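The next block holds one structure in the form of structure tokens; read it before the comments.
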Amino acid sequence: MGQITLTFPDGAEKQAEAGITPAQIAEGISKSLAKKAISAQVNGQHWDLQWPIESDAQIAINTMKDEGPALELIRHDLAHIMARAVQEIWPDVKVTIGPVIENGWYYDFDRAEPFTPEDLGLIEERMRKIIAARDPVRTEVWERARAIAHYEANNEPYKVELIDSIPGDEPLRMYWHGDWQDLCRGPHLQHTGQVPGDAFKLMSVAGAYWRGDSDRAMLQRIYGVAFQNKDGLKKHLHMLEEAAKRDHRKLGREMDLFHFEEVAPGSVFWHQHGWRLFQTLIAYMRRRQEAAGYQEVNSPDIMDRGLWETSGHWQNYRENMFQAETQDDREYALKPMNCPGHMLIYNQGIKSYRDLPVKLAEFGKVHRYEPSGALHGLLRVRSFTQDDAHIYCTPEQLTEECLKVNDLILSIYSDFGFDDVHVKLSTRPENRIGSDESWDKSEDALRTALDQAGMSYTIFEGEGAFYGPKLEYVLRDAIGRDWQCGTLQVDFNLPERFKTTYTAASGERLAPVMLHRALFGSLERFTGILIEQHAGKLPFWLAPRQVVVASIVSDADDFVHEAVAQLKKAGIQAEADIRNEKINYKVREHSLAKVPVILAVGAREVEDRTVTVRRLGEKQTQVLPLDEVIETLRAEATPPDLRS
RNA sequence: GCUGCUGUAGCUCAGAGGUAGAGCACUCCCUUGGUAAGGGAGAGGUCGAGAGUUCAAUUCUCUCCAGCAGCACCA
């Protein structure tokens with residue numbers, strides 16, 4: 001055995017025998033550290049206390065104070081402890097995999113009977129016993145053949161399959177939590193007692209396909225959350241409650257914005273107030289696009305099968321399309337996208353290079369037969385309105401046009417308070433059309449645009465569309481969830497299929513490059529995100545109900561009506577509330593409905609031509625002259641793009 | 001689409017093999033009250049749809065539809 005040099009975080013060096021473990025190192029430092037240690041960082045790698053170190057290394061011992069490793073170990077050990085508990089209660093259950101995820105872990109089981117909510121309680125109880133037993137965690141590296149034989153003997157086919165998929169040069173590691181054994185790459189804690197027994201909770205059971213493949217067995221996945229202490233768990237559960245409160249489906253009902261019906265699954269019935277919000281968004285976008293040189297067009301909703309064959313949708317997208325047959329024996333389809341229609345509009349007449357870029361925009365409603373299980377409120381629907389546009393340009397204009405779209409998207413998101421925008425760049429997939437040079441060019445165009453804009457982005461190799469690479473703009477909402485909204489795609493395919501051309505300076509007929517882009521993406525989805533982002537308390541300019549003028553005594557009714565009329569004249573959405581109710585009642589009701597401003601009018605206000613202003617979420621009120629309030633609100637009601 | 005769960009009044013939910021209940025909302029009456037629920041009375045339901053078992057089904061069984069969670073999908 002040779003000597004190795006260990007370097008500690010403070011720079012101190014120590015000689016040790018090769019094969020020494022972090023547990024032994026900790027022991028050499030102090031008894032209490034040895035007890036508190038949970039794992040180590042060895043050359044930056046998360047390292048089990050039991051794994052030997054064979055060569056010179058930077059080493060640091062982790063304790064529960066090191067949040068990252070601590071959480072990972074707690075969650076990972078809990079996955080094992082849960083699997084052990086499940087097999088102790090139901091020995092015939094087959095185990096599969098159980099990784100750590102955000103806030104917790106899950107473990108997938110194969111069991112004939114479904115787990116019930118009561119079962120989760122049983123499992124939790126058993127887990128606490130295992131934790132209380134402080135069972136030691138032990139690890140060994142096994143030969144493949146031995147591991148396979150072991151799992152075959154124990155009738156664990158999923159584990160056998162897992163081993164088969166692990167590359168041959170990787171060591172197979174076995175872990176024991178007490179007597180319970182699992183294949184695992186580790187690392188793990190010293191013993192089960194290091195897991196806080198009061199900081200985890202089993203959350204739910206749901207189906208999940210083995211290896212994420214919908215052609216394979218459906219397993220049962222149990223999700224758990226875990227933190228370093230009880231307080232962390234409590235905070236997390238509280239956060240979930242808060243998130244549930246801002247669920248747009250709930251708020252949509254409470255604010256009377258929209259509803260759904262069984263007769264039209266995945267399609268929105270917009271009510272007055274929701275539709276007003278929707279139209280406010282469209283009006284905003286229309287102004288922005290007009291200013292950016294787009295021409296708004298409109299294409300048919302139902303078009304002949306032949307068109308969809310030309311575009312390739314019939315071949316590639318048919319299972320997502322609503323189809324219609326008519327008495328004249330023609331087959332039609334509802335448009336799932338606007339691009340083919342725009343190709344036909346572009347193709348009218350002859351375009352010169354002088355005309356390019358041509359930017360066709362449409363607030364078209366597209367219909368897609370989404371899988372039933374995918375539907376989710378406004379965020380995943382079967383009919384939705386896109387702020388769609390197609391830009392036809394020369395190859396030379398490509399980068400500049402991408403940059404313009406990028407700038408426009410960011411400027412727009414910023415107007416809505418979304419400054420935390422993440423971009424995904426998806427590059428050429430295996431199956432693709434077009435030459436490598438054109439892919440180089442289009443990927444470069446997207447990358448250059450991002451670089452010039454100083455954007456950070458993540459590259460998803462091979463995730464692009466078959467006709468071109470794409471950018472996806474992902475918005476993060478107030479509680480950390482990501483939603484894909486805007487998109488920008490480069491397309492060499494459709495211009496070719498539709499024989500689309502422009503006349504170049506040389507007189508040649510050339511194919512333009514085409515960009516598909518949507519900024520909000522789906523108006524429905526964007527509306528849903530906005531509602532959640534603001535927990536229903538929309539900024540004044542977006543709020544569908546902006547002001548309620550409420551009487552305190554009926555003698556104020558006339559002045560209430562006068563105030564409403566003046567507010568409306570100033571372009572503000574105002575309503576009167578002269579019901580025979582106390583002001584407390586009215587304030588409560590309109591506050592719950594998220595009306596941003598309540599103007600209360602009693603005898604004093606009538607006398608002085610003032611109103612008492614109460615802003616949503618504020619307890620304080622302010623008495624101001626009506627005229628002054630109207631001027632203030634008029635300014636607030638101005639959309640951000642129209643403010644000076 | 002798959003696995004599991006759910007579907008009762010406008011909303012939130014309780015209920016039980018013998019054709020239903022609460023709170024809020026709604027209507028009417030009383031009350032004119034100063035910033036998150038004033039009081040009283042009343043009306044309101046083919047218990048998601050269809051079939052089966054049963055003397056009897058909203059309740060049990062099956063099929064379908066929709067919703068929820070997750071998975072898969074997501075140009």
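Chain labels follow the order of the structure tokens: the first chain is A, the next B, and so on; residue numbering restarts at 1 in every chain, and ligands are counted from 1 in their shown order.
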Query raised in the report: Which residues in stretch 105-313 of chain A does DSSP call alpha helix (DSSP H)? List them as JSON, numbers by chain.
Result: {"A": [117, 118, 119, 120, 121, 122, 123, 124, 125, 126, 127, 128, 129, 130, 131, 132, 144, 145, 146, 147, 148, 149, 150, 151, 152, 153, 157, 158, 159, 160, 161, 162, 163, 164, 165, 230, 231, 232, 233, 234, 235, 236, 237, 238, 239, 240, 241, 242, 243, 244, 245, 248, 249, 250, 251, 252, 253, 254, 272, 273, 274, 275, 276, 277, 278, 279, 280, 281, 282, 283, 284, 285, 286, 287, 288, 289, 290, 291, 305, 306, 307, 308, 309, 310, 311, 313]}
Enumerate as a short mmCIF file (atom, residue, chain, number, x, y, z; two decimals) with N, CA, C and O atoms, in the first residue's frame the residues belonging to chain A that approach chain B to within 8 Å, with only C-alpha atoms (C1' of nucleotides) taken into account.
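What follows is the written file result34.cif:
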data_model
loop_
_atom_site.label_atom_id
_atom_site.label_comp_id
_atom_site.auth_asym_id
_atom_site.auth_seq_id
_atom_site.Cartn_x
_atom_site.Cartn_y
_atom_site.Cartn_z
N PRO A 114 -53.08 -1.42 -5.83
CA PRO A 114 -52.64 -0.02 -5.70
C PRO A 114 -52.36 0.34 -4.25
O PRO A 114 -53.00 -0.19 -3.34
N SER A 204 -47.78 11.53 -2.20
CA SER A 204 -48.78 11.02 -3.14
C SER A 204 -48.29 9.76 -3.83
O SER A 204 -47.10 9.45 -3.83
N VAL A 205 -49.23 9.04 -4.39
CA VAL A 205 -48.93 7.88 -5.22
C VAL A 205 -49.43 8.19 -6.62
O VAL A 205 -50.51 8.78 -6.78
N ALA A 206 -48.70 7.80 -7.63
CA ALA A 206 -49.18 8.00 -9.01
C ALA A 206 -48.49 6.98 -9.89
O ALA A 206 -47.45 6.44 -9.54
N GLY A 207 -49.07 6.75 -11.02
CA GLY A 207 -48.48 5.83 -11.97
C GLY A 207 -47.27 6.45 -12.65
O GLY A 207 -47.19 7.66 -12.80
N ALA A 208 -46.33 5.61 -13.02
CA ALA A 208 -45.18 6.09 -13.79
C ALA A 208 -44.67 4.90 -14.60
O ALA A 208 -44.61 3.78 -14.09
N TYR A 209 -44.35 5.16 -15.85
CA TYR A 209 -43.88 4.06 -16.70
C TYR A 209 -42.48 3.64 -16.32
O TYR A 209 -41.63 4.48 -16.00
N GLY A 212 -39.64 5.34 -18.04
CA GLY A 212 -40.24 6.46 -18.76
C GLY A 212 -40.77 6.11 -20.13
O GLY A 212 -40.94 6.98 -20.98
N ASP A 213 -41.05 4.83 -20.35
CA ASP A 213 -41.45 4.38 -21.68
C ASP A 213 -42.91 3.94 -21.64
O ASP A 213 -43.26 2.99 -20.95
N SER A 214 -43.74 4.64 -22.42
CA SER A 214 -45.18 4.37 -22.34
C SER A 214 -45.56 3.01 -22.91
O SER A 214 -46.69 2.57 -22.78
N MET A 218 -46.57 -0.11 -16.20
CA MET A 218 -46.91 1.04 -15.37
C MET A 218 -46.63 0.66 -13.92
O MET A 218 -47.19 -0.30 -13.40
N LEU A 219 -45.74 1.42 -13.29
CA LEU A 219 -45.38 1.15 -11.91
C LEU A 219 -46.13 2.11 -11.01
O LEU A 219 -46.83 3.00 -11.48
N GLN A 220 -45.98 1.92 -9.73
CA GLN A 220 -46.56 2.86 -8.77
C GLN A 220 -45.45 3.66 -8.14
O GLN A 220 -44.52 3.11 -7.56
N GLU A 262 -67.98 19.93 -19.75
CA GLU A 262 -67.71 18.58 -20.23
C GLU A 262 -67.87 18.44 -21.73
O GLU A 262 -67.24 17.59 -22.36
N PRO A 265 -64.09 19.49 -23.67
CA PRO A 265 -62.91 19.35 -22.81
C PRO A 265 -61.70 20.07 -23.40
O PRO A 265 -61.41 19.94 -24.59
N PRO A 371 -53.62 14.87 -25.73
CA PRO A 371 -54.02 13.71 -24.93
C PRO A 371 -54.82 14.17 -23.71
O PRO A 371 -54.48 15.18 -23.10
N SER A 372 -55.86 13.41 -23.39
CA SER A 372 -56.77 13.85 -22.33
C SER A 372 -56.04 14.12 -21.03
O SER A 372 -56.36 15.06 -20.31
N GLY A 373 -55.04 13.31 -20.74
CA GLY A 373 -54.34 13.46 -19.47
C GLY A 373 -53.44 14.69 -19.41
O GLY A 373 -52.93 15.02 -18.35
N ALA A 374 -53.25 15.33 -20.55
CA ALA A 374 -52.34 16.48 -20.58
C ALA A 374 -53.07 17.78 -20.26
O ALA A 374 -52.44 18.77 -19.92
N ALA A 465 -36.65 20.94 -33.94
CA ALA A 465 -37.67 20.38 -34.83
C ALA A 465 -36.97 19.81 -36.06
O ALA A 465 -35.83 20.18 -36.34
N ILE A 552 -72.05 54.24 0.70
CA ILE A 552 -72.14 53.90 2.12
C ILE A 552 -73.57 54.12 2.61
O ILE A 552 -74.10 53.36 3.40
N VAL A 553 -74.20 55.16 2.10
CA VAL A 553 -75.62 55.41 2.39
C VAL A 553 -76.31 55.65 1.05
O VAL A 553 -75.68 56.07 0.08
N SER A 554 -77.58 55.41 0.99
CA SER A 554 -78.25 55.50 -0.30
C SER A 554 -78.37 56.94 -0.80
O SER A 554 -78.57 57.17 -1.99
N GLU A 581 -76.26 47.18 1.29
CA GLU A 581 -75.36 46.40 2.13
C GLU A 581 -74.42 47.35 2.84
O GLU A 581 -74.18 48.46 2.36
N LYS A 582 -73.87 46.88 3.93
CA LYS A 582 -72.92 47.72 4.64
C LYS A 582 -71.61 47.80 3.88
O LYS A 582 -71.27 46.90 3.11
N ILE A 583 -70.88 48.88 4.16
CA ILE A 583 -69.62 49.08 3.43
C ILE A 583 -68.65 47.94 3.72
O ILE A 583 -67.89 47.52 2.85
N ASN A 584 -68.69 47.38 4.92
CA ASN A 584 -67.83 46.24 5.25
C ASN A 584 -68.07 45.09 4.29
O ASN A 584 -67.13 44.46 3.81
N TYR A 585 -69.33 44.84 4.08
CA TYR A 585 -69.73 43.74 3.21
C TYR A 585 -69.21 43.97 1.78
O TYR A 585 -68.64 43.09 1.15
N VAL A 587 -66.75 45.95 0.81
CA VAL A 587 -65.29 45.93 0.76
C VAL A 587 -64.80 44.48 0.73
O VAL A 587 -63.92 44.12 -0.06
N ARG A 588 -65.41 43.64 1.57
CA ARG A 588 -64.99 42.25 1.60
C ARG A 588 -65.22 41.59 0.26
O ARG A 588 -64.33 40.94 -0.30
N GLU A 589 -66.41 41.78 -0.28
CA GLU A 589 -66.74 41.10 -1.52
C GLU A 589 -65.84 41.53 -2.68
O GLU A 589 -65.32 40.70 -3.41
N SER A 591 -62.92 42.92 -2.49
CA SER A 591 -61.54 42.55 -2.22
C SER A 591 -61.31 41.10 -2.62
O SER A 591 -60.30 40.76 -3.23
N GLY A 602 -69.78 58.30 0.97
CA GLY A 602 -70.80 58.52 2.00
C GLY A 602 -71.26 59.96 1.94
O GLY A 602 -70.98 60.68 0.98
N ARG A 614 -59.65 53.07 -1.48
CA ARG A 614 -59.06 51.92 -0.79
C ARG A 614 -58.44 51.01 -1.85
O ARG A 614 -59.11 50.51 -2.75
N LYS A 619 -54.91 48.39 4.06
CA LYS A 619 -55.95 48.68 5.05
C LYS A 619 -56.29 50.17 5.06
O LYS A 619 -57.42 50.56 5.30
N THR A 621 -57.03 53.96 4.06
CA THR A 621 -57.81 54.62 3.02
C THR A 621 -57.37 56.07 2.93
O THR A 621 -56.68 56.57 3.82
#
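Secondary structure by DSSP on the backbone puts the following residues of stretch 276-339 of chain A in strand (DSSP E or B): Gln295, Glu296, Ile302, Met303, Asp304, Gln323, Ala324, Glu325, Glu331, Tyr332, Ala333 and Leu334 of chain A.
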Query - Test item: residues at most 12 Å from stretch 13-19 of chain B, only C-alpha atoms (C1' of nucleotides), excluding those fewer than 4 positions along its chain, as an MDAnalysis selection string - result: chainID B and resid 8:9 23:24 46:47 53:60
Query - Shortest interatomic distance to A:Asp10 - which of A:Ala60, A:Ala565, A:Val560, A:Val606, counting only C-alpha atoms - result: A:Ala60
Query - Pick from A:Leu515, A:Asn320, A:Lys65, A:Asn493, whichever lies nearest to A:Pro357 using only C-alpha atoms - result: A:Leu515
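Considering the residues A:Ile433, A:Ala199, A:Ile412, A:Leu344 and counting only C-alpha atoms, A:Thr310 has its shortest atom-to-atom contact with A:Leu344.
Taking atom CA of A:His273 as the reference point, atom CA of A:Thr632 is found at 22.7 Å.
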Report task. One decimal, Å: what's the distance from atom CA of A:Gln190 over to atom CA of A:Met64, could you say? Result -> 12.0 Å
**Report entry** Surrounding residues of A:Asp110 excluding itself and chain neighbours under 3 positions, 12 Å, only C-alpha atoms (C1' of nucleotides), as a PyMOL selection string
**Finding:** (chain A and resi 83+86-87+90-97+107+113-115+155-159+206-210+217-222) or (chain B and resi 3)
